[in-house]
$ cat run.csv   # CSV, C-alpha atoms
chain,number,residue,atom,x,y,z
M,1489,MET,CA,51.5,67.1,92.1
M,1490,ARG,CA,51.1,66.6,95.9
M,1491,ARG,CA,48.3,64.1,95.3
M,1492,ILE,CA,50.4,62.1,92.9
M,1493,PHE,CA,53.3,62.1,95.3
M,1494,HIS,CA,51.1,60.8,98.1
M,1495,SER,CA,49.7,58.1,95.8
M,1496,LYS,CA,53.3,56.9,95.2
M,1497,ILE,CA,53.9,56.7,99.0
M,1498,TYR,CA,50.8,54.6,99.5
M,1499,PHE,CA,51.7,52.4,96.5
M,1500,ALA,CA,55.2,51.8,97.8
M,1501,LEU,CA,53.9,50.9,101.3
M,1502,PHE,CA,51.3,48.6,99.7
M,1503,LEU,CA,54.1,46.8,97.7
M,1504,LEU,CA,56.2,46.4,100.9
M,1505,VAL,CA,53.3,44.9,102.8
M,1506,ALA,CA,52.3,42.7,99.8
M,1507,VAL,CA,55.8,41.2,99.3
M,1508,PHE,CA,56.2,40.7,103.1
M,1509,GLY,CA,52.8,39.0,103.4
M,1510,ALA,CA,53.5,36.8,100.4
M,1511,GLY,CA,56.8,35.7,101.9
M,1512,VAL,CA,55.3,34.8,105.3
M,1513,ILE,CA,52.3,32.9,103.7
M,1514,GLY,CA,54.6,31.2,101.2
M,1515,TYR,CA,57.1,29.9,103.8
M,1516,ARG,CA,54.2,28.9,106.1
M,1517,TYR,CA,52.3,26.8,103.5
M,1518,ILE,CA,54.9,25.9,100.8
M,1519,SER,CA,57.8,25.1,103.2
M,1520,ASP,CA,55.6,24.1,106.1
M,1521,TYR,CA,57.3,26.5,108.5
M,1522,SER,CA,55.8,27.7,111.8
M,1523,TRP,CA,54.4,31.3,111.7
M,1524,VAL,CA,57.5,32.5,113.7
M,1525,ASN,CA,59.9,30.8,111.4
M,1526,ALA,CA,58.1,32.0,108.3
M,1527,PHE,CA,58.2,35.5,109.6
M,1528,TYR,CA,62.0,35.1,110.3
M,1529,MET,CA,62.8,33.6,106.9
M,1530,THR,CA,60.8,36.4,105.2
M,1531,VAL,CA,62.7,39.1,107.1
M,1532,ILE,CA,66.2,37.7,106.4
M,1533,THR,CA,65.3,37.0,102.7
M,1534,ILE,CA,63.9,40.5,102.0
M,1535,THR,CA,66.7,42.3,103.8
M,1536,THR,CA,69.3,40.0,102.3
M,1537,VAL,CA,71.3,39.9,105.6
M,1538,GLY,CA,72.7,36.4,104.8
M,1539,PHE,CA,71.7,34.4,107.9
M,1540,GLY,CA,71.3,30.7,107.6
M,1541,GLU,CA,68.0,29.0,106.8
M,1542,VAL,CA,65.9,27.6,109.7
M,1543,GLN,CA,65.9,24.2,108.0
M,1544,PRO,CA,67.3,22.9,104.7
M,1545,LEU,CA,65.4,24.0,101.6
M,1546,ASN,CA,64.1,21.6,99.0
M,1547,ASP,CA,63.8,22.5,95.3
M,1548,MET,CA,60.3,24.1,95.7
M,1549,ASP,CA,61.6,26.2,98.7
M,1550,LYS,CA,64.7,27.3,96.8
M,1551,LEU,CA,62.5,28.4,93.8
M,1552,PHE,CA,60.1,30.3,96.0
M,1553,THR,CA,63.0,32.0,97.9
M,1554,SER,CA,64.7,33.0,94.6
M,1555,ILE,CA,61.5,34.6,93.3
M,1556,LEU,CA,61.0,36.4,96.7
M,1557,ILE,CA,64.6,37.7,96.6
M,1558,LEU,CA,64.3,39.0,93.0
M,1559,SER,CA,61.0,40.7,93.6
M,1560,SER,CA,61.9,42.1,97.0
M,1561,ILE,CA,65.1,43.7,95.6
M,1562,PHE,CA,63.1,45.9,93.1
M,1563,ILE,CA,60.2,46.6,95.5
M,1564,VAL,CA,62.4,47.5,98.5
M,1565,ALA,CA,64.6,49.7,96.3
M,1566,PHE,CA,61.6,51.5,94.9
M,1567,SER,CA,60.0,51.9,98.3
M,1568,ILE,CA,63.2,53.3,99.9
M,1569,SER,CA,63.6,55.8,97.1
M,1570,VAL,CA,60.0,57.1,97.4
M,1571,ILE,CA,60.1,57.2,101.2
M,1572,THR,CA,63.5,59.0,101.2
M,1573,GLU,CA,62.2,61.5,98.7
M,1574,HIS,CA,59.2,62.1,100.9
M,1575,ILE,CA,61.3,62.6,104.1
M,1576,LEU,CA,63.6,65.0,102.3
M,1577,SER,CA,60.7,67.0,100.8
M,1578,LYS,CA,59.2,67.4,104.3
M,1579,ASN,CA,62.4,68.8,105.6
M,1580,ASN,CA,63.8,71.0,102.8
M,1581,ILE,CA,64.5,74.6,103.3
M,1582,GLY,CA,61.3,75.8,101.5
M,1583,ASN,CA,59.0,73.7,103.7
M,1584,LEU,CA,60.9,74.7,106.9
M,1585,ARG,CA,60.5,78.4,105.9
M,1586,GLU,CA,56.8,77.8,105.2
M,1587,LYS,CA,56.3,76.1,108.6
M,1588,ARG,CA,58.1,79.0,110.3
M,1589,ALA,CA,55.9,81.5,108.5
M,1590,HIS,CA,52.7,79.8,109.5
M,1591,LYS,CA,53.8,79.7,113.1
M,1592,MET,CA,54.5,83.5,113.0
M,1593,ILE,CA,51.1,84.2,111.3
M,1594,ASP,CA,49.2,82.1,113.9
M,1595,LYS,CA,50.6,84.5,116.6
M,1596,MET,CA,49.7,87.7,114.7
M,1597,LYS,CA,46.8,89.9,115.7
M,1598,ASN,CA,45.5,93.2,114.3
M,1599,HIS,CA,47.8,92.8,111.2
M,1600,VAL,CA,47.2,93.7,107.6
M,1601,ILE,CA,46.6,91.2,104.8
M,1602,VAL,CA,47.7,92.1,101.3
M,1603,CYS,CA,46.0,90.1,98.5
M,1604,GLY,CA,48.2,89.9,95.5
M,1605,TYR,CA,51.8,90.9,95.1
M,1606,GLY,CA,51.6,92.7,91.8
M,1607,ARG,CA,52.5,96.3,91.2
M,1608,ASN,CA,50.0,97.7,93.7
M,1609,GLY,CA,50.5,94.9,96.2
M,1610,LYS,CA,54.3,95.6,96.2
M,1611,GLN,CA,53.8,99.3,96.8
M,1612,ALA,CA,51.4,98.6,99.6
M,1613,ALA,CA,53.8,96.0,101.2
M,1614,GLN,CA,56.8,98.4,100.9
M,1615,LYS,CA,54.8,101.2,102.7
M,1616,LEU,CA,53.8,98.8,105.4
M,1617,LEU,CA,57.4,97.7,105.8
M,1618,ASP,CA,58.5,101.3,106.1
M,1619,TYR,CA,56.0,101.9,108.9
M,1620,LYS,CA,57.0,98.6,110.6
M,1621,GLN,CA,53.4,97.3,110.3
M,1622,ASP,CA,52.8,93.6,110.6
M,1623,PHE,CA,51.3,92.2,107.4
M,1624,VAL,CA,50.9,89.0,105.5
M,1625,VAL,CA,50.8,88.7,101.7
M,1626,ILE,CA,48.6,86.2,99.9
M,1627,GLU,CA,50.0,85.2,96.5
M,1628,LYS,CA,49.2,82.2,94.3
M,1629,ASN,CA,52.3,82.5,92.0
M,1630,HIS,CA,54.8,80.0,93.5
M,1631,GLU,CA,57.8,81.6,91.8
M,1632,VAL,CA,56.9,85.0,93.3
M,1633,VAL,CA,56.5,83.5,96.8
M,1634,GLU,CA,59.9,81.7,96.5
M,1635,LYS,CA,61.6,84.9,95.3
M,1636,PHE,CA,60.4,87.4,97.8
M,1637,SER,CA,60.1,85.2,100.9
M,1638,GLU,CA,63.8,85.6,101.3
M,1639,ASP,CA,63.3,89.3,101.9
M,1640,GLY,CA,61.7,88.5,105.3
M,1641,MET,CA,58.1,89.0,104.3
M,1642,LEU,CA,55.4,86.5,105.3
M,1643,PHE,CA,53.6,84.8,102.4
M,1644,VAL,CA,50.6,82.5,102.2
M,1645,GLU,CA,50.7,80.7,98.9
M,1646,GLY,CA,47.2,80.3,97.5
M,1647,ASN,CA,44.2,81.9,95.9
M,1648,ALA,CA,42.9,84.8,97.9
M,1649,ASN,CA,39.4,84.0,96.6
M,1650,GLU,CA,39.3,80.9,98.8
M,1651,ASP,CA,38.0,81.4,102.3
M,1652,GLU,CA,40.5,78.7,103.6
M,1653,VAL,CA,43.4,80.8,102.3
M,1654,LEU,CA,42.1,84.0,103.9
M,1655,ILE,CA,41.6,82.2,107.2
M,1656,GLU,CA,45.1,80.8,107.0
M,1657,ALA,CA,46.4,84.3,106.7
M,1658,GLY,CA,44.6,85.2,109.9
M,1659,LEU,CA,41.7,87.1,108.5
M,1660,ASP,CA,39.6,86.6,111.6
M,1661,ARG,CA,42.3,88.3,113.7
M,1662,ALA,CA,43.4,91.0,111.2
M,1663,SER,CA,42.6,94.7,111.3
M,1664,THR,CA,42.8,95.5,107.6
M,1665,ILE,CA,42.8,93.7,104.3
M,1666,ILE,CA,44.1,95.3,101.0
M,1667,CYS,CA,42.6,93.7,97.9
M,1668,ALA,CA,45.2,94.4,95.2
M,1669,LEU,CA,44.4,91.8,92.6
M,1670,PRO,CA,44.3,92.9,89.0
M,1671,SER,CA,40.7,91.7,88.5
M,1672,ASP,CA,37.8,93.7,89.8
M,1673,ALA,CA,35.7,90.6,90.0
M,1674,ASP,CA,38.3,88.8,92.2
M,1675,ASN,CA,38.6,91.8,94.5
M,1676,LEU,CA,34.8,92.1,94.8
M,1677,PHE,CA,34.6,88.4,95.8
M,1678,ILE,CA,37.3,88.9,98.4
M,1679,VAL,CA,35.5,92.0,99.8
M,1680,LEU,CA,32.3,89.9,100.2
M,1681,SER,CA,34.1,87.0,101.8
M,1682,ALA,CA,36.2,89.2,104.1
M,1683,ARG,CA,33.2,91.2,105.4
M,1684,GLN,CA,31.3,88.0,106.2
M,1685,ILE,CA,34.3,86.3,108.0
M,1686,ASN,CA,35.3,89.5,109.9
M,1687,PRO,CA,32.6,92.1,110.2
M,1688,GLY,CA,34.8,94.6,112.0
M,1689,LEU,CA,37.6,94.4,109.4
M,1690,LYS,CA,38.7,97.5,107.5
M,1691,ILE,CA,38.6,96.7,103.8
M,1692,ILE,CA,40.6,98.6,101.1
M,1693,SER,CA,40.3,97.5,97.5
M,1694,ARG,CA,41.6,98.6,94.2
M,1695,ALA,CA,39.3,98.9,91.2
M,1696,THR,CA,40.1,99.2,87.5
M,1697,GLU,CA,36.6,100.3,86.3
M,1698,GLU,CA,34.7,103.2,87.8
M,1699,THR,CA,31.5,101.1,87.6
M,1700,SER,CA,33.1,98.7,90.1
M,1701,TYR,CA,33.5,101.5,92.7
M,1702,ARG,CA,29.8,101.5,93.8
M,1703,LYS,CA,29.6,97.7,93.7
M,1704,MET,CA,32.6,97.3,96.1
M,1705,LYS,CA,31.2,99.9,98.4
M,1706,LEU,CA,27.9,98.1,98.5
M,1707,ALA,CA,29.8,94.8,99.1
M,1708,GLY,CA,31.4,96.3,102.2
M,1709,ALA,CA,34.6,98.0,101.2
M,1710,ASP,CA,35.6,100.9,103.3
M,1711,ASN,CA,37.8,102.5,100.7
M,1712,VAL,CA,38.0,101.9,97.0
M,1713,ILE,CA,41.1,103.1,95.1
M,1714,LEU,CA,41.1,103.7,91.3
M,1715,PRO,CA,44.9,103.7,90.4
M,1716,ASP,CA,44.3,104.8,86.8
M,1717,LYS,CA,42.2,107.7,87.8
M,1718,ILE,CA,44.6,108.8,90.5
M,1719,GLY,CA,47.5,108.6,88.0
M,1720,GLY,CA,45.7,110.7,85.4
M,1721,ASP,CA,44.7,113.3,88.0
M,1722,HIS,CA,48.3,113.4,89.2
M,1723,MET,CA,49.7,114.0,85.8
M,1724,ALA,CA,47.2,116.7,85.0
M,1725,SER,CA,48.0,118.4,88.3
M,1726,LEU,CA,51.7,118.5,87.4
M,1727,VAL,CA,50.7,120.7,84.5
M,1728,VAL,CA,48.3,122.9,86.5
M,1729,VAL,CA,50.0,123.2,89.9
M,1730,PRO,CA,53.4,121.6,89.4
M,1731,ASP,CA,55.2,123.1,92.5
M,1732,LEU,CA,52.4,122.1,94.8
M,1733,ILE,CA,52.3,118.5,93.5
M,1734,GLU,CA,56.1,118.2,93.8
M,1735,PHE,CA,55.9,119.4,97.4
M,1736,LEU,CA,53.2,116.9,98.2
M,1737,ASP,CA,55.3,114.2,96.6
M,1738,ASN,CA,57.9,114.9,99.2
M,1739,LEU,CA,55.5,114.1,102.0
M,1740,SER,CA,57.0,110.6,102.2
M,1741,ILE,CA,59.0,108.4,104.5
M,1742,SER,CA,62.0,108.2,102.2
M,1743,GLY,CA,64.4,109.0,105.1
M,1744,ASP,CA,66.3,111.7,103.2
M,1745,ASP,CA,67.5,114.6,105.3
M,1746,ASP,CA,65.6,117.1,103.1
M,1747,SER,CA,62.4,115.1,102.8
M,1748,ILE,CA,59.3,115.9,104.8
M,1749,ASN,CA,57.3,113.3,106.6
M,1750,VAL,CA,53.7,113.0,107.7
M,1751,GLU,CA,52.6,111.0,110.7
M,1752,GLN,CA,49.4,110.4,112.6
M,1753,VAL,CA,49.2,110.0,116.4
M,1754,SER,CA,46.2,108.7,118.3
M,1755,PHE,CA,44.7,110.3,121.4
M,1756,GLU,CA,45.8,107.3,123.5
M,1757,ASN,CA,49.5,108.0,122.6
M,1758,VAL,CA,49.3,111.8,123.0
M,1759,CYS,CA,47.3,111.7,126.2
M,1760,PRO,CA,48.2,108.4,127.9
M,1761,SER,CA,46.5,109.6,131.1
M,1762,GLY,CA,43.2,109.7,129.3
M,1763,LYS,CA,42.7,113.4,130.2
M,1764,GLU,CA,41.4,115.5,127.2
M,1765,GLN,CA,43.8,118.4,126.5
M,1766,ALA,CA,44.1,121.3,124.0
M,1767,ILE,CA,46.7,121.2,121.3
M,1768,GLN,CA,48.5,124.2,122.7
M,1769,ASP,CA,48.8,122.5,126.1
M,1770,LEU,CA,50.6,119.5,124.5
M,1771,ASP,CA,53.3,121.7,123.2
M,1772,ILE,CA,54.2,119.2,120.5
M,1773,ARG,CA,56.0,121.7,118.3
M,1774,LYS,CA,58.5,122.6,121.1
M,1775,LYS,CA,59.0,119.0,122.2
M,1776,THR,CA,59.5,117.4,118.8
M,1777,GLY,CA,59.7,120.1,116.1
M,1778,CYS,CA,56.6,118.7,114.3
M,1779,SER,CA,53.6,120.8,113.4
M,1780,VAL,CA,50.0,119.8,113.7
M,1781,ILE,CA,48.3,120.1,110.3
M,1782,GLY,CA,45.2,118.1,110.8
M,1783,TYR,CA,42.8,116.6,113.3
M,1784,LYS,CA,40.4,113.7,113.0
M,1785,GLY,CA,37.6,113.6,115.5
M,1786,PRO,CA,36.2,110.4,117.0
M,1787,SER,CA,33.2,110.5,114.6
M,1788,GLY,CA,35.5,110.7,111.6
M,1789,GLU,CA,35.3,114.4,110.7
M,1790,TYR,CA,38.5,116.1,109.6
M,1791,VAL,CA,39.8,119.6,110.6
M,1792,VAL,CA,42.6,121.0,108.5
M,1793,ASN,CA,45.1,123.3,110.3
M,1794,PRO,CA,43.2,123.1,113.7
M,1795,GLU,CA,43.3,126.0,116.1
M,1796,PRO,CA,45.7,125.6,119.1
M,1797,SER,CA,42.7,125.9,121.4
M,1798,LEU,CA,41.1,122.7,119.9
M,1799,VAL,CA,40.6,120.1,122.7
M,1800,LEU,CA,41.5,116.5,121.7
M,1801,GLU,CA,38.6,114.1,122.3
M,1802,ARG,CA,39.0,110.4,123.1
M,1803,GLY,CA,39.2,108.3,120.0
M,1804,SER,CA,40.6,111.3,117.9
M,1805,LYS,CA,43.9,111.5,116.0
M,1806,LEU,CA,46.4,114.2,115.2
M,1807,ILE,CA,48.1,114.5,111.9
M,1808,LEU,CA,51.6,116.1,112.0
M,1809,ILE,CA,54.3,117.1,109.6
M,1810,GLY,CA,58.0,117.3,110.1
M,1811,ARG,CA,61.4,116.2,108.8
M,1812,PRO,CA,62.6,112.6,109.4
M,1813,THR,CA,64.6,113.5,112.5
M,1814,GLN,CA,61.6,115.4,114.0
M,1815,ILE,CA,59.2,112.5,113.1
M,1816,GLU,CA,61.6,110.1,114.8
M,1817,SER,CA,61.6,112.3,117.9
M,1818,LEU,CA,57.7,112.3,117.8
M,1819,LYS,CA,57.7,108.5,117.6
M,1820,ASN,CA,60.1,108.1,120.5
M,1821,LEU,CA,58.2,110.6,122.7
M,1822,TYR,CA,54.7,109.1,122.1
M,1823,ASN,CA,55.6,105.5,121.4
M,1824,VAL,CA,54.1,105.5,117.9
$ encode --input "run.csv" --output "structure tokens"
Amino acid sequence: MRRIFHSKIYFALFLLVAVFGAGVIGYRYISDYSWVNAFYMTVITITTVGFGEVQPLNDMDKLFTSILILSSIFIVAFSISVITEHILSKNNIGNLREKRAHKMIDKMKNHVIVCGYGRNGKQAAQKLLDYKQDFVVIEKNHEVVEKFSEDGMLFVEGNANEDEVLIEAGLDRASTIICALPSDADNLFIVLSARQINPGLKIISRATEETSYRKMKLAGADNVILPDKIGGDHMASLVVVPDLIEFLDNLSISGDDDSINVEQVSFENVCPSGKEQAIQDLDIRKKTGCSVIGYKGPSGEYVVNPEPSLVLERGSKLILIGRPTQIESLKNLYNV
């Protein structure tokens, strides 16, 4: 559609130049005007301003002028309508919003890219919104982009399989990409492209078939999620250990007074001085009310319910649990 519209612009400009050139040449050789007078007569004839002729017109001049007036009326009207439509389309609300979004994306660093705004993509985007994490959504459905752009989210309209679209979303500056397209083949292609463009990128992809899990891992995905498998396990667990699962379901960021939140805090936030300290020396429970339930070492190993004497190493993270108000105190204290 854009290509057709641009061709109309070029065609309109061509017609304007053609009718103007025909007028100048006609007055120069038919009416024997000078080039300046021919140019002047063409301008006042095409624009129909009504000024007088440079010199009296004979029958041939009058016939040529009549033809020029009739043809220029239609050509100028058509050209003005096409050019006006072009100007308005360049400045409508949708395009202004798109330009503003691109400017914001160009300034982003260490953000998250969500490929696809389907069921899984929406859930991922909502969680990122709750955690106030900068992210960009790539979606090829124009209606979806138009509908949800009003919610303040940044969209890049296009096919996430194309490298140009990924780069437009700032893939080379992003920290993480979430491949949430419904097709395993499409997600696999994005994983391959993303790993090539940004080797240090964290890649999380969904997969429908279990056979795709290994392929995506080999392609460079850090985490591969099987939503159907997780859903089945969850439903079975509600039969086997229902109370435990319901409790774990409350570990969210819903914001209700009786809900429980889980948050992670990096070593740099807990120990801004850079000095390694034991958990008991930090006294996080007394300061915020949150309890330490997990520890992730710099090499990636996890410790569940770590001992108070455990010393935090540089590059490690603490996982804490608490009610919303306690988590908020934690965030304010450690600038999370």
$ residues_around --input "run.csv" --residues "segment 1529-1531 of chain M" --least-positions-apart "3" --cutoff "10 Å" --atoms "only C-alpha atoms" --output "list in words"
Val1507, Phe1508, Gly1509, Ala1510, Gly1511, Val1512, Ile1513, Gly1514, Tyr1515, Arg1516, Tyr1521, Trp1523, Val1524, Asn1525, Ala1526, Ile1534, Thr1535, Thr1536, Val1537, Phe1539, Gly1540, Glu1541, Val1542, Gln1543, Thr1553, Leu1556 and Ile1557 of chain M
$ residues_around --input "run.csv" --residues "Gly1777 of chain M" --least-positions-apart "2" --cutoff "9 Å" --atoms "only C-alpha atoms" --output "PDB file with C-alpha atoms, in the coordinates of the input"
ATOM      1  CA  ILE M1772      54.200 119.200 120.500  1.00  0.00           C
ATOM      2  CA  ARG M1773      56.000 121.700 118.300  1.00  0.00           C
ATOM      3  CA  LYS M1774      58.500 122.600 121.100  1.00  0.00           C
ATOM      4  CA  LYS M1775      59.000 119.000 122.200  1.00  0.00           C
ATOM      5  CA  SER M1779      53.600 120.800 113.400  1.00  0.00           C
ATOM      6  CA  ILE M1809      54.300 117.100 109.600  1.00  0.00           C
ATOM      7  CA  GLY M1810      58.000 117.300 110.100  1.00  0.00           C
ATOM      8  CA  ARG M1811      61.400 116.200 108.800  1.00  0.00           C
ATOM      9  CA  THR M1813      64.600 113.500 112.500  1.00  0.00           C
ATOM     10  CA  GLN M1814      61.600 115.400 114.000  1.00  0.00           C
ATOM     11  CA  ILE M1815      59.200 112.500 113.100  1.00  0.00           C
ATOM     12  CA  SER M1817      61.600 112.300 117.900  1.00  0.00           C
ATOM     13  CA  LEU M1818      57.700 112.300 117.800  1.00  0.00           C
TER      14      LEU M1818
END
$ closest_residue --input "run.csv" --among "M:Met1592, M:Val1505, M:Ile1767, M:Cys1778" --to "Ser1797 of chain M" --atoms "all atoms listed in the file"
M:Ile1767
$ closest_residue --input "run.csv" --among "M:Gly1720, M:Ala1682, M:Asp1672, M:Val1750" --to "Lys1703 of chain M" --atoms "all atoms listed in the file"
M:Asp1672
$ closest_atom_pairs --input "run.csv" --of "segment 1635-1689 of chain M" --to "segment 1598-1609 of chain M" --cutoff "8 Å" --atoms "all atoms listed in the file" --output "CSV"
residue,atom,partner,partner_atom,distance
M:Ala1648,CA,M:Cys1603,CA,6.2
M:Ala1657,CA,M:Ile1601,CA,7.2
M:Leu1659,CA,M:Ile1601,CA,7.4
M:Arg1661,CA,M:Asn1598,CA,5.9
M:Ala1662,CA,M:Asn1598,CA,4.3
M:Ser1663,CA,M:Asn1598,CA,4.4
M:Thr1664,CA,M:Val1600,CA,4.8
M:Ile1665,CA,M:Ile1601,CA,4.6
M:Ile1666,CA,M:Val1602,CA,4.8
M:Cys1667,CA,M:Cys1603,CA,5.0
M:Ala1668,CA,M:Gly1609,CA,5.4
M:Leu1669,CA,M:Gly1604,CA,5.1
M:Pro1670,CA,M:Gly1606,CA,7.8
$ atom_distance --input "run.csv" --atom1 "atom CA of Leu1551 of chain M" --atom2 "atom CA of Val1564 of chain M"
19.7 Å
$ closest_residue --input "run.csv" --among "M:Gln1611, M:Leu1706, M:Glu1586, M:Asn1711" --to "Leu1642 of chain M" --atoms "all atoms listed in the file"
M:Glu1586
